[in-house]
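J.: Please find query-v6.cif (mmCIF, C-alpha atoms) on the next line:
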data_input
loop_
_atom_site.label_atom_id
_atom_site.label_comp_id
_atom_site.auth_asym_id
_atom_site.auth_seq_id
_atom_site.Cartn_x
_atom_site.Cartn_y
_atom_site.Cartn_z
CA MET A 1 4.84 -20.13 22.48
CA ASP A 2 3.68 -17.15 20.42
CA PRO A 3 1.23 -18.40 17.77
CA GLY A 4 2.01 -15.46 15.48
CA PRO A 5 -0.54 -13.22 13.85
CA ARG A 6 -4.05 -14.52 13.19
CA ILE A 7 -4.69 -14.81 9.46
CA GLU A 8 -8.21 -14.90 8.05
CA LEU A 9 -9.68 -14.90 4.57
CA ARG A 10 -13.00 -13.36 3.70
CA PRO A 11 -14.73 -12.68 0.40
CA ALA A 12 -13.75 -9.38 -1.21
CA ARG A 13 -16.58 -6.85 -1.31
CA ALA A 14 -17.18 -3.64 -3.25
CA GLU A 15 -16.14 -1.57 -0.24
CA ASP A 16 -12.71 -3.28 -0.38
CA GLU A 17 -11.82 -1.57 -3.68
CA PRO A 18 -9.62 1.13 -2.05
CA LEU A 19 -7.69 -1.56 -0.17
CA LEU A 20 -7.32 -3.72 -3.27
CA ALA A 21 -6.09 -0.69 -5.23
CA ARG A 22 -3.56 0.05 -2.48
CA VAL A 23 -2.35 -3.57 -2.40
CA PHE A 24 -1.88 -3.55 -6.18
CA ALA A 25 -0.11 -0.17 -6.14
CA ASP A 26 2.12 -1.28 -3.28
CA ALA A 27 3.14 -4.38 -5.22
CA ARG A 28 3.70 -2.52 -8.50
CA GLY A 29 4.85 0.89 -7.35
CA SER A 30 8.53 0.06 -7.20
CA GLU A 31 8.45 -1.19 -10.80
CA LEU A 32 6.94 2.06 -12.01
CA GLY A 33 9.39 4.13 -10.00
CA LEU A 34 12.01 3.04 -12.49
CA LEU A 35 10.12 4.81 -15.28
CA GLY A 36 10.53 8.25 -13.74
CA LEU A 37 6.86 9.20 -14.10
CA ASP A 38 5.35 12.02 -12.06
CA ASP A 39 2.97 10.93 -9.30
CA GLY A 40 -0.21 11.63 -11.27
CA MET A 41 0.93 9.64 -14.30
CA ALA A 42 2.20 6.80 -12.12
CA GLU A 43 -1.17 6.59 -10.29
CA LEU A 44 -3.06 6.58 -13.59
CA LEU A 45 -0.85 3.87 -15.06
CA ILE A 46 -1.16 1.74 -11.91
CA GLU A 47 -4.96 2.03 -11.97
CA LEU A 48 -5.10 1.12 -15.68
CA GLN A 49 -2.87 -1.91 -15.02
CA ARG A 50 -5.01 -2.96 -12.07
CA ARG A 51 -8.20 -2.80 -14.09
CA ALA A 52 -6.59 -4.71 -16.98
CA GLN A 53 -5.34 -7.39 -14.57
CA ASP A 54 -8.76 -7.73 -12.94
CA THR A 55 -10.49 -8.01 -16.32
CA GLY A 56 -7.95 -10.60 -17.46
CA TYR A 57 -8.36 -12.67 -14.30
CA ARG A 58 -12.15 -12.60 -14.52
CA GLN A 59 -12.05 -13.73 -18.15
CA ALA A 60 -9.44 -16.47 -17.62
CA TYR A 61 -10.83 -17.68 -14.28
CA PRO A 62 -14.57 -16.94 -14.27
CA ASP A 63 -15.23 -19.12 -11.19
CA ALA A 64 -12.35 -17.80 -9.09
CA GLU A 65 -12.74 -16.73 -5.47
CA TYR A 66 -11.60 -13.19 -4.63
CA CYS A 67 -10.57 -12.91 -0.99
CA VAL A 68 -9.23 -10.25 1.33
CA ILE A 69 -6.43 -11.37 3.62
CA GLU A 70 -6.75 -10.05 7.16
CA VAL A 71 -3.95 -10.21 9.70
CA ASP A 72 -5.09 -9.77 13.29
CA GLY A 73 -8.35 -8.33 11.95
CA VAL A 74 -6.68 -5.75 9.69
CA PRO A 75 -7.23 -6.08 5.92
CA CYS A 76 -3.79 -6.16 4.31
CA GLY A 77 -3.83 -8.27 1.16
CA ARG A 78 -5.66 -10.15 -1.49
CA LEU A 79 -5.87 -13.73 -2.67
CA VAL A 80 -7.48 -14.99 -5.85
CA LEU A 81 -8.04 -18.77 -6.04
CA ASP A 82 -9.43 -20.95 -8.79
CA TRP A 83 -10.55 -24.38 -7.52
CA LYS A 84 -10.75 -27.22 -10.06
CA TRP A 85 -11.28 -30.92 -9.54
CA ASP A 86 -7.55 -31.71 -9.95
CA GLU A 87 -5.80 -28.50 -8.90
CA VAL A 88 -6.06 -25.25 -7.01
CA ARG A 89 -4.57 -22.30 -8.84
CA VAL A 90 -3.28 -19.37 -6.83
CA VAL A 91 -4.14 -16.78 -9.47
CA ASP A 92 -2.83 -13.90 -7.37
CA VAL A 93 -1.57 -13.31 -3.88
CA ALA A 94 -0.36 -9.92 -2.67
CA LEU A 95 0.31 -8.34 0.70
CA LEU A 96 0.96 -4.76 1.70
CA ALA A 97 4.68 -4.13 2.21
CA GLY A 98 4.26 -3.62 5.96
CA VAL A 99 3.01 -7.19 6.34
CA ARG A 100 5.58 -8.91 4.13
CA GLY A 101 8.40 -10.74 5.86
CA ARG A 102 6.30 -11.67 8.91
CA GLY A 103 5.54 -15.25 7.82
CA VAL A 104 2.02 -14.48 6.64
CA GLY A 105 2.58 -15.61 3.05
CA GLY A 106 4.24 -18.84 4.13
CA ARG A 107 1.48 -19.72 6.58
CA LEU A 108 -1.15 -18.91 3.99
CA LEU A 109 0.49 -21.10 1.34
CA ARG A 110 1.07 -24.00 3.76
CA SER A 111 -2.61 -23.91 4.64
CA LEU A 112 -3.52 -23.91 0.96
CA GLN A 113 -1.21 -26.89 0.46
CA GLN A 114 -2.98 -28.73 3.26
CA GLY A 115 -6.39 -27.95 1.80
CA ALA A 116 -5.28 -29.02 -1.68
CA ALA A 117 -3.78 -32.24 -0.31
CA LEU A 118 -7.07 -33.13 1.42
CA GLY A 119 -8.73 -33.11 -2.00
CA GLY A 120 -5.81 -34.82 -3.76
CA ARG A 121 -5.19 -31.66 -5.80
CA ARG A 122 -1.97 -30.00 -6.75
CA LEU A 123 -1.41 -26.34 -5.98
CA ARG A 124 -0.28 -24.21 -8.89
CA LEU A 125 0.88 -20.62 -9.36
CA CYS A 126 2.81 -18.35 -11.67
CA VAL A 127 5.65 -16.12 -10.50
CA ALA A 128 7.63 -13.43 -12.28
CA HIS A 129 11.34 -14.05 -12.67
CA GLY A 130 13.15 -12.00 -10.08
CA ASN A 131 10.20 -11.95 -7.66
CA PRO A 132 11.64 -12.70 -4.20
CA ALA A 133 8.54 -14.79 -3.40
CA ARG A 134 9.92 -17.51 -5.67
CA ARG A 135 12.39 -18.49 -2.94
CA LEU A 136 9.46 -19.03 -0.56
CA TYR A 137 7.63 -21.13 -3.14
CA GLU A 138 10.71 -23.29 -3.68
CA ARG A 139 11.20 -23.74 0.09
CA LEU A 140 7.58 -24.93 0.28
CA GLY A 141 8.22 -27.57 -2.39
CA PHE A 142 6.93 -25.84 -5.52
CA ARG A 143 8.77 -26.87 -8.69
CA ALA A 144 8.89 -25.11 -12.05
CA LEU A 145 6.75 -26.78 -14.71
CA ALA A 146 7.40 -24.31 -17.50
CA SER A 147 9.01 -20.94 -17.98
CA ASP A 148 9.01 -18.11 -20.48
CA GLU A 149 10.96 -14.85 -20.62
CA LEU A 150 8.76 -13.25 -17.93
CA ASN A 151 7.34 -15.93 -15.63
CA ALA A 152 7.68 -19.42 -14.25
CA ASP A 153 4.66 -21.69 -13.87
CA MET A 154 5.15 -23.65 -10.64
CA ALA A 155 3.30 -26.47 -8.90
CA TRP A 156 3.32 -28.31 -5.62
CA GLU A 157 2.08 -31.90 -5.66
CA PRO A 158 0.36 -33.57 -2.69
CA GLY A 159 2.49 -36.29 -1.19
CA THR A 160 5.73 -34.33 -1.40
CA GLU A 161 5.29 -33.79 2.35
CA ARG A 162 7.29 -30.59 2.37
CA HIS A 163 4.20 -28.80 3.65
CA SER A 164 4.05 -30.99 6.74
CA LYS A 165 6.95 -29.04 8.26
CA GLY A 166 4.94 -25.90 7.76
CA HIS A 167 2.06 -26.41 10.14
CA SER A 168 1.34 -23.06 11.62
CA ARG A 169 2.73 -22.64 15.10
CA ASP A 170 -0.74 -22.48 16.60
CA GLY A 171 -2.01 -25.53 14.72
CA GLN A 172 -4.67 -23.53 12.90
CA HIS A 173 -4.97 -23.48 9.12
CA ILE A 174 -6.60 -21.54 6.33
CA ASN A 175 -8.91 -23.44 4.01
CA ARG A 176 -11.30 -21.56 1.76
CA GLY A 177 -12.26 -18.81 4.13
CA ALA A 178 -11.31 -20.41 7.41
CA ALA A 179 -8.75 -18.87 9.72
CA ALA A 180 -5.10 -19.59 10.40
#
For the file at hand, write its structure as structure tokens.
T.:
Amino acid sequence: MDPGPRIELRPARAEDEPLLARVFADARGSELGLLGLDDGMAELLIELQRRAQDTGYRQAYPDAEYCVIEVDGVPCGRLVLDWKWDEVRVVDVALLAGVRGRGVGGRLLRSLQQGAALGGRRLRLCVAHGNPARRLYERLGFRALASDELNADMAWEPGTERHSKGHSRDGQHINRGAAA
């Protein structure tokens, strides 16, 4: 049986900045396309948004881990995690468009669920309304805790056992830098 792509996390480094900028732009580019900006203005706006997001994350989650997601050894995404005694917050997860839809996000989240469950922690994240990833989160057992006009705050609680169906096909898992 094909185990699927190998997924690894590693700490983000300064030399990853071009990749992280590309991941952010890839995730946000379609939104900005609706504004009708020329390429130069769109790039500038994306970079300003990326810097603002990074500053906001670092202020709100000063102890967060910033990771690069690699699929079969190729850097293709980012993951920001904030580990607390009672919960693990997925601050941000983003993959390049060419990697989406291949099961990488699901395997990554199932592994995070398993790691959170080992520590008796819930797994929490925030998702924008209309983001297709919300369907994945719901399939994995995440439930909305609160919602505003832009986002839904969602959590998965250990013991719901929905993650147990999601063991990766090769039996390997991701836990704080380990591989899947």
J.: Taking a cut-off of 12 Å and counting only C-alpha atoms, can you build a table that, for each residue of stretch 22-110 of chain A near stretch 156-161 of chain A, reports the nearest atom pair and how far apart they are in Å (one decimal), sorted by chain then residue number, as CSV?
T.:
residue,atom,partner,partner_atom,distance
A:Asp86,CA,A:Glu157,CA,10.5
A:Glu87,CA,A:Glu157,CA,9.2
A:Val88,CA,A:Trp156,CA,10.0
A:Arg89,CA,A:Trp156,CA,10.4
A:Val90,CA,A:Trp156,CA,11.2
A:Leu109,CA,A:Trp156,CA,10.4
A:Arg110,CA,A:Trp156,CA,10.6
J.: Just to be explicit: take each residue in the selection above, keep C-alpha atoms, and write the result as a short mmCIF file (atom, residue, chain, number, x, y, z; two decimals), keeping the file's coordinate frame.
T.:
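Final file, out_36.cif:
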data_model
loop_
_atom_site.label_atom_id
_atom_site.label_comp_id
_atom_site.auth_asym_id
_atom_site.auth_seq_id
_atom_site.Cartn_x
_atom_site.Cartn_y
_atom_site.Cartn_z
CA ASP A 86 -7.55 -31.71 -9.95
CA GLU A 87 -5.80 -28.50 -8.90
CA VAL A 88 -6.06 -25.25 -7.01
CA ARG A 89 -4.57 -22.30 -8.84
CA VAL A 90 -3.28 -19.37 -6.83
CA LEU A 109 0.49 -21.10 1.34
CA ARG A 110 1.07 -24.00 3.76
#
J.: From the set A:Arg102, A:Arg10, A:Arg121, A:His129, which residue has the shortest atom-to-atom contact distance to A:Asp153, counting only C-alpha atoms?
T.: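 Residue with the minimum atom-to-atom distance to A:Asp153: A:His129.
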J.: Care to translate the PyMOL selection byres ((chain A and resi 152) around 6) into actual residues of this file, as a PDB file with C-alpha atoms, in the coordinates of the input?
T.:
ATOM      1  CA  CYS A 126       2.810 -18.350 -11.670  1.00  0.00           C
ATOM      2  CA  VAL A 127       5.650 -16.120 -10.500  1.00  0.00           C
ATOM      3  CA  ALA A 146       7.400 -24.310 -17.500  1.00  0.00           C
ATOM      4  CA  SER A 147       9.010 -20.940 -17.980  1.00  0.00           C
ATOM      5  CA  ASN A 151       7.340 -15.930 -15.630  1.00  0.00           C
ATOM      6  CA  ASP A 153       4.660 -21.690 -13.870  1.00  0.00           C
TER       7      ASP A 153
END
J.: Please enumerate the residues selected by the PyMOL selection byres ((chain A and resi 64-67) around 6) when evaluated against the supplied file, formatted as a list in words.
T.: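 This file, filtered by the PyMOL selection byres ((chain A and resi 64-67) around 6), leaves Leu9, Arg10, Pro11, Ala12, Tyr61, Pro62, Asp63, Val68, Arg78, Leu79, Val80, Leu81 and Asp82 of chain A.
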J.: Please indicate the distance in Å from atom CA of A:Val91 to atom CA of A:Met154, rounded to one decimal place.
T.: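 Distance reported for this atom pair: 11.6 Å.
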J.: Kindly indicate which residue among A:Trp85, A:Tyr137, A:Tyr57, A:Phe24 lies nearest to A:Arg122, using all atoms listed in the file for the distances.
T.: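 Residue with the minimum atom-to-atom distance to A:Arg122: A:Trp85.
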J.: Could you tell me which residues the PyMOL selection byres ((chain A and resi 41-54) around 8) returns for this structure, as an MDAnalysis selection string?
T.: chainID A and resid 21 24:25 28:29 32:33 37:40 55:58
J.: How many Å lie between atom CA of A:Pro5 and atom CA of A:Lys84, rounded to one decimal?
T.: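 According to the coordinates, atom CA of A:Pro5 and atom CA of A:Lys84 are separated by 29.5 Å.
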J.: Would you work out the distance separating atom CA of A:Leu19 from atom CA of A:Leu150, expressed in Å to one decimal?
T.: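 Going from atom CA of A:Leu19 over to atom CA of A:Leu150, I get 26.9 Å.
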J.: Restricting the calculation to only C-alpha atoms, which member of A:Ala60, A:Ala155, A:Leu108, A:Ala94 is positioned closest to A:Asn131?
T.: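 The closest residue to A:Asn131 is A:Ala94.
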J.: Out of A:Leu125, A:Gly98, A:Glu70, A:Ala14, which residue has the shortest atom-to-atom distance to A:Phe142 when counting only C-alpha atoms?
T.: A:Leu125
J.: Where atoms are missing, can you supply N, CA and C atoms for stretch 71-92 of chain A and output the lot as a JSON list (two decimals), in the coordinates of the input?
T.:
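This went into part-v9.json:
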[["chain", "number", "residue", "atom", "x", "y", "z"],
["A", 71, "VAL", "N", -4.92, -9.80, 8.70],
["A", 71, "VAL", "CA", -3.95, -10.21, 9.70],
["A", 71, "VAL", "C", -4.32, -9.51, 11.01],
["A", 72, "ASP", "N", -4.62, -10.29, 12.01],
["A", 72, "ASP", "CA", -5.09, -9.77, 13.29],
["A", 72, "ASP", "C", -6.25, -8.78, 13.10],
["A", 73, "GLY", "N", -7.15, -9.13, 12.18],
["A", 73, "GLY", "CA", -8.35, -8.33, 11.95],
["A", 73, "GLY", "C", -8.17, -7.13, 11.04],
["A", 74, "VAL", "N", -6.95, -6.90, 10.55],
["A", 74, "VAL", "CA", -6.68, -5.75, 9.69],
["A", 74, "VAL", "C", -6.53, -6.22, 8.24],
["A", 75, "PRO", "N", -7.37, -5.70, 7.32],
["A", 75, "PRO", "CA", -7.23, -6.08, 5.92],
["A", 75, "PRO", "C", -5.88, -5.61, 5.37],
["A", 76, "CYS", "N", -5.14, -6.52, 4.76],
["A", 76, "CYS", "CA", -3.79, -6.16, 4.31],
["A", 76, "CYS", "C", -3.34, -6.90, 3.06],
["A", 77, "GLY", "N", -4.25, -7.58, 2.37],
["A", 77, "GLY", "CA", -3.83, -8.27, 1.16],
["A", 77, "GLY", "C", -4.99, -8.87, 0.41],
["A", 78, "ARG", "N", -4.63, -9.50, -0.71],
["A", 78, "ARG", "CA", -5.66, -10.15, -1.49],
["A", 78, "ARG", "C", -5.18, -11.50, -1.98],
["A", 79, "LEU", "N", -6.14, -12.39, -2.18],
["A", 79, "LEU", "CA", -5.87, -13.73, -2.67],
["A", 79, "LEU", "C", -6.95, -14.08, -3.67],
["A", 80, "VAL", "N", -6.54, -14.54, -4.83],
["A", 80, "VAL", "CA", -7.48, -14.99, -5.85],
["A", 80, "VAL", "C", -7.17, -16.47, -6.10],
["A", 81, "LEU", "N", -8.18, -17.32, -5.89],
["A", 81, "LEU", "CA", -8.04, -18.77, -6.04],
["A", 81, "LEU", "C", -9.02, -19.31, -7.05],
["A", 82, "ASP", "N", -8.56, -20.26, -7.84],
["A", 82, "ASP", "CA", -9.43, -20.95, -8.79],
["A", 82, "ASP", "C", -9.37, -22.44, -8.47],
["A", 83, "TRP", "N", -10.47, -22.98, -7.94],
["A", 83, "TRP", "CA", -10.55, -24.38, -7.52],
["A", 83, "TRP", "C", -11.08, -25.23, -8.66],
["A", 84, "LYS", "N", -10.32, -26.24, -9.05],
["A", 84, "LYS", "CA", -10.75, -27.22, -10.06],
["A", 84, "LYS", "C", -10.70, -28.60, -9.42],
["A", 85, "TRP", "N", -11.22, -29.58, -10.12],
["A", 85, "TRP", "CA", -11.28, -30.92, -9.54],
["A", 85, "TRP", "C", -9.89, -31.50, -9.29],
["A", 86, "ASP", "N", -8.88, -31.12, -10.09],
["A", 86, "ASP", "CA", -7.55, -31.71, -9.95],
["A", 86, "ASP", "C", -6.47, -30.75, -9.46],
["A", 87, "GLU", "N", -6.80, -29.46, -9.36],
["A", 87, "GLU", "CA", -5.80, -28.50, -8.90],
["A", 87, "GLU", "C", -6.46, -27.25, -8.32],
["A", 88, "VAL", "N", -5.68, -26.56, -7.52],
["A", 88, "VAL", "CA", -6.06, -25.25, -7.01],
["A", 88, "VAL", "C", -5.03, -24.29, -7.56],
["A", 89, "ARG", "N", -5.49, -23.29, -8.29],
["A", 89, "ARG", "CA", -4.57, -22.30, -8.84],
["A", 89, "ARG", "C", -4.60, -21.05, -7.97],
["A", 90, "VAL", "N", -3.42, -20.65, -7.50],
["A", 90, "VAL", "CA", -3.28, -19.37, -6.83],
["A", 90, "VAL", "C", -3.09, -18.37, -7.97],
["A", 91, "VAL", "N", -4.17, -17.72, -8.36],
["A", 91, "VAL", "CA", -4.14, -16.78, -9.47],
["A", 91, "VAL", "C", -3.33, -15.55, -9.08],
["A", 92, "ASP", "N", -3.55, -15.08, -7.85],
["A", 92, "ASP", "CA", -2.83, -13.90, -7.37],
["A", 92, "ASP", "C", -2.82, -13.91, -5.86]]
